[in-house]
$ cat final_31.txt   # compact mmCIF, C-alpha atoms
# COMPACT_ATOMS: atom_id res chain seq x y z
CA MET A 62 77.99 165.58 54.23
CA ALA A 63 79.37 163.96 51.09
CA PHE A 64 77.29 161.36 49.34
CA ASP A 65 78.55 157.83 48.79
CA GLN A 66 81.65 157.53 50.89
CA GLY A 67 83.19 154.10 51.45
CA ASP A 68 80.54 151.52 52.16
CA GLY A 69 77.70 153.26 50.34
CA GLU A 70 74.78 155.16 51.77
CA GLU A 71 71.60 154.02 53.43
CA LEU A 72 68.52 154.84 51.38
CA THR A 73 64.88 154.29 52.12
CA ARG A 74 61.76 153.99 50.05
CA PHE A 75 58.60 154.95 51.91
CA VAL A 76 55.62 152.71 51.28
CA VAL A 77 52.05 154.01 51.30
CA ASP A 78 50.32 151.33 49.23
CA ARG A 79 49.47 147.94 50.75
CA ARG A 80 49.87 146.37 47.31
CA HIS A 81 53.58 147.02 47.63
CA ILE A 82 53.83 144.81 50.71
CA ARG A 83 53.98 141.03 50.68
CA ARG A 84 51.44 139.78 53.17
CA SER A 85 53.28 136.57 54.00
CA ASP A 86 56.25 138.20 55.72
CA ASN A 87 55.78 141.97 55.46
CA THR A 88 58.62 142.41 52.97
CA VAL A 89 58.14 144.56 49.88
CA HIS A 90 57.25 143.34 46.42
CA HIS A 91 59.37 144.34 43.46
CA ASN A 92 56.72 146.83 42.43
CA ALA A 93 57.67 149.08 45.35
CA PHE A 94 60.88 149.76 43.44
CA MET A 95 59.50 150.01 39.94
CA PRO A 96 59.74 153.48 38.39
CA ALA A 97 56.95 155.69 37.19
CA ARG A 98 56.63 156.87 33.62
CA ASP A 99 59.71 159.08 33.83
CA ASP A 100 61.93 156.18 34.88
CA THR A 101 62.74 157.75 38.24
CA LEU A 102 61.88 156.63 41.73
CA SER A 103 61.87 158.72 44.88
CA VAL A 104 63.98 157.48 47.78
CA TYR A 105 65.52 159.27 50.78
CA TRP A 106 69.10 159.36 51.99
CA ILE A 107 69.00 158.33 55.64
CA THR A 108 72.60 157.48 56.54
CA GLU A 109 73.19 158.19 60.24
CA LEU A 110 69.69 159.50 60.77
CA PRO A 111 67.93 158.24 63.91
CA ASP A 112 65.01 155.97 63.18
CA ALA A 113 62.44 158.41 64.54
CA GLU A 114 63.72 161.13 62.23
CA VAL A 115 63.46 158.84 59.23
CA TRP A 116 59.80 158.17 59.96
CA ASP A 117 59.29 161.87 60.53
CA ILE A 118 60.61 162.59 57.02
CA GLY A 119 58.10 160.17 55.59
CA ASN A 120 55.20 161.57 57.56
CA THR A 121 56.16 165.17 56.82
CA HIS A 122 57.34 165.07 53.22
CA VAL A 123 56.00 161.89 51.60
CA ALA A 124 52.56 161.12 53.02
CA PRO A 125 51.07 164.54 52.15
CA TYR A 126 52.41 164.33 48.60
CA ARG A 127 51.14 160.79 48.07
CA GLY A 128 47.84 161.49 49.82
CA LYS A 129 48.14 158.36 51.95
CA PRO A 130 49.70 157.56 55.33
CA ILE A 131 53.08 155.87 55.51
CA ILE A 132 52.57 152.16 56.20
CA GLY A 133 56.16 151.00 55.94
CA ARG A 134 59.55 151.61 54.46
CA ALA A 135 62.15 149.58 52.61
CA ASP A 136 65.79 150.36 53.42
CA LEU A 137 68.62 149.52 51.08
CA ASN A 138 72.24 150.46 50.50
CA SER A 139 73.22 152.57 47.51
CA LEU A 140 75.71 149.90 46.49
CA VAL A 141 72.75 147.64 45.71
CA VAL A 142 71.46 150.30 43.34
CA TYR A 143 74.80 150.57 41.57
CA GLY A 144 74.99 146.79 41.37
CA GLU A 145 71.94 146.91 39.10
CA SER A 146 73.55 149.53 36.82
CA LEU A 147 71.30 152.26 38.18
CA ARG A 148 72.37 155.55 39.65
CA VAL A 149 71.34 157.71 42.57
CA GLN A 150 70.84 161.40 41.98
CA THR A 151 70.68 163.77 44.93
CA LEU A 152 68.16 166.52 44.50
CA GLY A 153 68.39 168.76 47.54
CA ALA A 154 68.44 169.03 51.32
CA GLN A 155 65.66 169.34 53.83
CA GLN A 156 66.53 170.78 57.23
CA ASN A 157 64.68 169.04 60.04
CA MET B 238 70.34 166.93 61.04
CA THR B 239 70.07 166.93 57.29
CA ALA B 240 68.17 164.61 55.01
CA ILE B 241 68.55 164.75 51.29
CA GLY B 242 65.96 163.56 48.83
CA ALA B 243 67.40 161.23 46.23
CA THR B 244 66.17 159.62 43.07
CA VAL B 245 67.04 156.20 41.73
CA GLN B 246 67.52 156.71 38.01
CA TYR B 247 66.64 153.80 35.78
CA GLY B 248 68.44 153.21 32.53
CA PRO B 249 67.74 152.88 29.43
CA SER B 250 41.71 133.34 27.87
CA SER B 251 40.42 135.12 25.31
CA TYR B 252 37.16 134.93 27.23
CA SER B 253 33.75 135.81 25.97
CA TRP B 254 31.53 135.43 29.00
CA MET B 255 28.40 136.97 27.61
CA PRO B 256 28.15 139.26 24.64
CA MET B 257 27.31 142.75 25.72
CA ARG B 258 26.52 144.33 22.40
CA GLN B 259 25.09 147.70 23.23
CA PRO B 260 24.81 150.49 20.70
CA GLY B 261 26.99 153.43 21.63
CA VAL B 262 29.05 151.49 24.16
CA SER B 263 32.77 151.60 23.49
CA ASP B 264 34.87 148.49 23.15
CA ALA B 265 36.67 149.43 26.33
CA ALA B 266 33.45 149.78 28.28
CA ARG B 267 32.21 146.51 26.88
CA LYS B 268 35.41 144.79 27.91
CA VAL B 269 35.16 146.12 31.44
CA GLY B 270 31.61 144.85 31.60
CA GLN B 271 32.74 141.45 30.44
CA LEU B 272 35.52 141.37 32.99
CA LEU B 273 33.21 142.32 35.82
CA GLY B 274 30.81 139.66 34.63
CA LEU B 275 33.64 137.18 34.78
CA SER B 276 34.46 138.30 38.29
CA ALA B 277 30.91 137.56 39.41
CA ALA B 278 31.04 134.20 37.67
CA HIS B 279 34.27 133.28 39.40
CA ARG B 280 32.80 134.16 42.77
CA ALA B 281 29.94 131.78 42.02
CA ILE B 282 32.40 129.04 41.10
CA SER B 283 34.27 129.74 44.30
CA ALA B 284 31.13 129.22 46.31
CA THR B 285 30.87 125.73 44.88
CA GLY B 286 34.29 124.79 46.20
CA LEU B 287 36.58 125.03 43.18
CA THR B 288 38.89 127.27 45.09
CA ARG B 289 42.26 126.46 43.57
CA ILE B 290 41.52 128.58 40.54
CA ALA B 291 38.37 130.47 41.32
CA ASP B 292 39.48 132.34 44.40
CA PRO B 293 42.77 133.53 42.89
CA VAL B 294 41.02 134.60 39.71
CA ALA B 295 38.42 136.47 41.76
CA SER B 296 41.28 138.22 43.55
CA LEU B 297 42.74 139.08 40.15
CA TYR B 298 39.55 140.86 39.19
CA ASP B 299 39.41 142.56 42.57
CA LEU B 300 42.86 143.88 41.76
CA TYR B 301 41.62 145.07 38.40
CA GLU B 302 38.80 146.97 40.06
CA GLU B 303 41.27 148.61 42.44
CA CYS B 304 44.08 149.33 39.99
CA GLY B 305 42.22 149.77 36.74
CA VAL B 306 42.40 153.52 37.19
CA ALA B 307 45.30 155.86 36.55
CA ASN B 308 47.49 156.79 39.51
CA TRP B 309 46.28 153.91 41.65
CA ASP B 310 49.51 154.10 43.66
CA GLY B 311 49.52 157.88 44.13
CA GLU B 312 52.73 158.11 42.09
CA GLY B 313 51.42 158.22 38.57
CA ALA B 314 50.94 154.51 37.88
CA GLU B 315 49.27 153.47 34.66
CA PRO B 316 45.94 151.68 35.05
CA LEU B 317 46.05 147.89 34.80
CA SER B 318 44.99 146.97 31.31
CA SER B 319 42.13 144.57 30.71
CA ASP B 320 44.34 142.72 28.24
CA ALA B 321 46.94 142.22 30.96
CA VAL B 322 44.26 140.84 33.27
CA GLU B 323 43.13 138.40 30.62
CA GLU B 324 46.68 137.20 30.03
CA ALA B 325 47.27 136.80 33.76
CA GLU B 326 44.11 134.75 34.01
CA GLN B 327 45.18 132.59 31.08
CA LEU B 328 48.47 131.90 32.84
CA VAL B 329 46.69 130.85 36.03
CA TYR B 330 44.71 128.27 34.10
CA LEU B 331 47.89 127.00 32.45
CA ILE B 332 49.83 126.44 35.66
CA PRO B 333 50.14 122.72 36.41
CA SER B 334 48.32 121.57 39.53
CA SER B 335 51.64 120.59 41.09
CA ILE B 336 52.65 124.25 41.16
CA PRO B 337 51.08 126.59 43.74
CA ILE B 338 48.93 129.47 42.55
CA PRO B 339 50.97 132.69 42.61
CA GLU B 340 50.22 136.04 44.18
CA PHE B 341 49.22 138.85 41.80
CA VAL B 342 51.21 142.05 41.97
CA PRO B 343 50.18 145.19 40.06
CA GLU B 344 53.00 147.08 38.40
CA PRO B 345 53.09 150.84 37.77
CA SER B 346 53.42 150.25 34.03
CA GLY B 347 49.92 148.73 33.95
CA ALA B 348 51.28 145.18 33.81
CA ILE B 349 50.48 142.39 36.26
CA ALA B 350 53.08 140.15 37.81
CA LEU B 351 52.52 136.63 39.04
CA GLU B 352 54.84 136.07 41.96
CA TRP B 353 56.01 132.89 43.63
CA TYR B 354 57.95 133.77 46.76
CA GLU B 355 59.77 131.42 49.06
CA GLY B 356 62.09 133.88 50.75
CA ARG B 357 64.41 136.68 49.69
CA ASP B 358 66.70 134.36 47.76
CA ARG B 359 63.94 132.38 46.07
CA VAL B 360 61.53 134.40 43.98
CA TYR B 361 60.03 133.72 40.56
CA LEU B 362 58.10 136.38 38.66
CA LEU B 363 56.14 136.41 35.43
CA SER B 364 54.84 139.72 34.14
CA VAL B 365 52.24 140.28 31.42
CA ASP B 366 51.05 143.57 29.99
CA GLY B 367 48.55 142.51 27.36
CA THR B 368 50.99 142.52 24.44
CA LYS B 369 51.31 138.74 24.09
CA SER B 370 54.69 138.55 25.73
CA ILE B 371 55.87 137.34 29.11
CA GLN B 372 58.73 138.81 31.03
CA PHE B 373 60.28 136.54 33.61
CA ALA B 374 62.72 137.26 36.42
CA ALA B 375 63.96 134.93 39.10
CA ILE B 376 66.28 134.49 42.00
CA MET B 377 66.79 130.77 42.47
CA GLY B 378 69.17 130.77 45.37
CA ARG B 379 71.82 133.31 46.22
CA GLY B 380 73.72 134.37 43.11
CA ASN B 381 71.46 132.46 40.72
CA GLU B 382 69.50 135.08 38.85
CA LEU B 383 67.84 135.01 35.46
CA HIS B 384 65.48 137.17 33.47
CA GLY B 385 64.15 137.44 29.95
CA ARG B 386 61.21 137.85 27.65
CA LEU B 387 59.18 135.24 25.78
CA ASN B 388 56.32 135.29 23.32
CA PHE B 389 52.97 134.33 24.83
CA ASP B 390 50.66 132.60 22.36
CA GLY B 391 48.16 131.33 24.89
CA SER B 392 50.17 128.33 25.99
CA LEU B 393 52.64 128.16 28.84
CA PRO B 394 56.15 128.49 27.36
CA VAL B 395 58.24 125.37 27.95
CA MET B 396 60.99 127.51 29.42
CA VAL B 397 58.63 128.89 32.06
CA LEU B 398 57.38 125.43 32.87
CA ASP B 399 60.96 124.21 33.30
CA HIS B 400 61.73 127.19 35.54
CA LEU B 401 58.72 126.47 37.74
CA LYS B 402 59.58 122.79 38.02
CA LEU B 403 63.12 123.69 38.97
CA PHE B 404 61.89 126.32 41.42
CA PHE B 405 59.51 124.00 43.25
CA HIS B 406 60.86 120.54 42.72
CA GLY B 407 64.58 121.06 42.24

$ encode --input "final_31.txt" --output "structure tokens"
Amino acid sequence: MAFDQGDGEELTRFVVDRRHIRRSDNTVHHNAFMPARDDTLSVYWITELPDAEVWDIGNTHVAPYRGKPIIGRADLNSLVVYGESLRVQTLGAQQN
Amino acid sequence: MTAIGATVQYGPSSYSWMPMRQPGVSDAARKVGQLLGLSAAHRAISATGLTRIADPVASLYDLYEECGVANWDGEGAEPLSSDAVEEAEQLVYLIPSSIPIPEFVPEPSGAIALEWYEGRDRVYLLSVDGTKSIQFAAIMGRGNELHGRLNFDGSLPVMVLDHLKLFFHG
């Protein structure tokens, strides 16, 4: 599956920290998308994935690494990323 | 079904509550002690009913207790700096009473943001990191975005005040 065809790709950022979520309407704060020291941020490519599989990725691959349960996710299109002069780098595939 | 991991690549009140002079105690430890003392003081003020400032400031110090350690987000975040907390508190005291008190948002760089949020197309953010500067970023209606950096000398910059007035009062 080629990345970034046509209308962009759906990406998601898994959220494990309640301080990334705005209490008033359960949307995410900007800090959920702020990078760590190395100026990179982990997101997942979820185009055409069923919702249940997306959550499964978070529970299987993100929660153990972060040491906290997944409490939410923030979906966005890759075109939004490019609109901010950022880029998306694919790192590898995980077979589910 | 295949999922591929991806990475977003990013481009390029000076308070003295009570002196805690203790031999052998580092400046950092002393500062933490002062901040925690302030937190207790603010809770006491809150109990007397001065909630507009006291409760938010108490929540600021709660945040400092939670995020004043490295990796508070599980992704390598820097600890919130005590200087950033002090600057955030100074800003709260400088906000005119006609402007609501913001929500505090910790940032992975160790800075603290003050956020006013009125929906996805109306957000105003100030961020301080203890270096006597303020970064601001705003969405004031769809397509109206601005951001920048200002010196922070302990007074609320006129530009920020104008932004907040525009944000809340048109």

$ residues_near_point --input "final_31.txt" --point "(54.7, 156.5, 50.7)" --cutoff "9 Å" --atoms "only C-alpha atoms" --output "number ranges by chain"
A: 74-78, 119-120, 123-134; B: 311-312

$ interface_residues --input "final_31.txt" --of "chain A" --to "chain B" --cutoff "8 Å" --atoms "all atoms listed in the file" --output "count of residues only"
34

$ closest_residue --input "final_31.txt" --among "B:Leu387, B:Leu401, B:Leu393, B:Leu363" --to "A:His91" --atoms "all atoms listed in the file"
B:Leu363

$ residues_around --input "final_31.txt" --residues "B:Leu297" --least-positions-apart "6" --cutoff "9 Å" --atoms "all atoms listed in the file" --output "NGL selection string"
:B and (276 or 322 or 325-326 or 341)

$ residues_near_point --input "final_31.txt" --point "(45.5, 141.7, 33.0)" --cutoff "12 Å" --atoms "all atoms listed in the file" --output "VMD selection string"
chain B and resid 250 to 251 268 to 269 272 294 296 to 302 304 to 305 316 to 329 341 to 344 346 to 351 364 to 369 371

$ axis_aligned_box --input "final_31.txt" --around "stretch 366-370 of chain B" --padding-each-side "6 Å" --output "JSON"
{"center_x": 51.6, "center_y": 141.1, "center_z": 27.0, "size_x": 18.1, "size_y": 17.0, "size_z": 17.9}

$ closest_residue --input "final_31.txt" --among "B:Asp292, B:Pro394, B:Phe404, B:Gly380" --to "B:Val360" --atoms "all atoms listed in the file"
B:Phe404

$ closest_residue --input "final_31.txt" --among "B:Gly385, B:Pro293, B:Gly391, B:Gly407" --to "B:Pro337" --atoms "only C-alpha atoms"
B:Pro293

$ atom_distance --input "final_31.txt" --atom1 "atom CA of B:Pro339" --atom2 "atom CA of A:Ser85"
12.3 Å

$ atom_distance --input "final_31.txt" --atom1 "atom CA of B:Tyr361" --atom2 "atom CA of B:His384"
9.6 Å

$ atom_distance --input "final_31.txt" --atom1 "atom CA of B:Thr288" --atom2 "atom CA of A:Ile82"
23.7 Å

$ residues_around --input "final_31.txt" --residues "B:Ile376" --least-positions-apart "4" --cutoff "7 Å" --atoms "all atoms listed in the file" --output "list in words"
Asp358, Arg359, Val360, Tyr361, Asn381, Glu382 and Leu383 of chain B
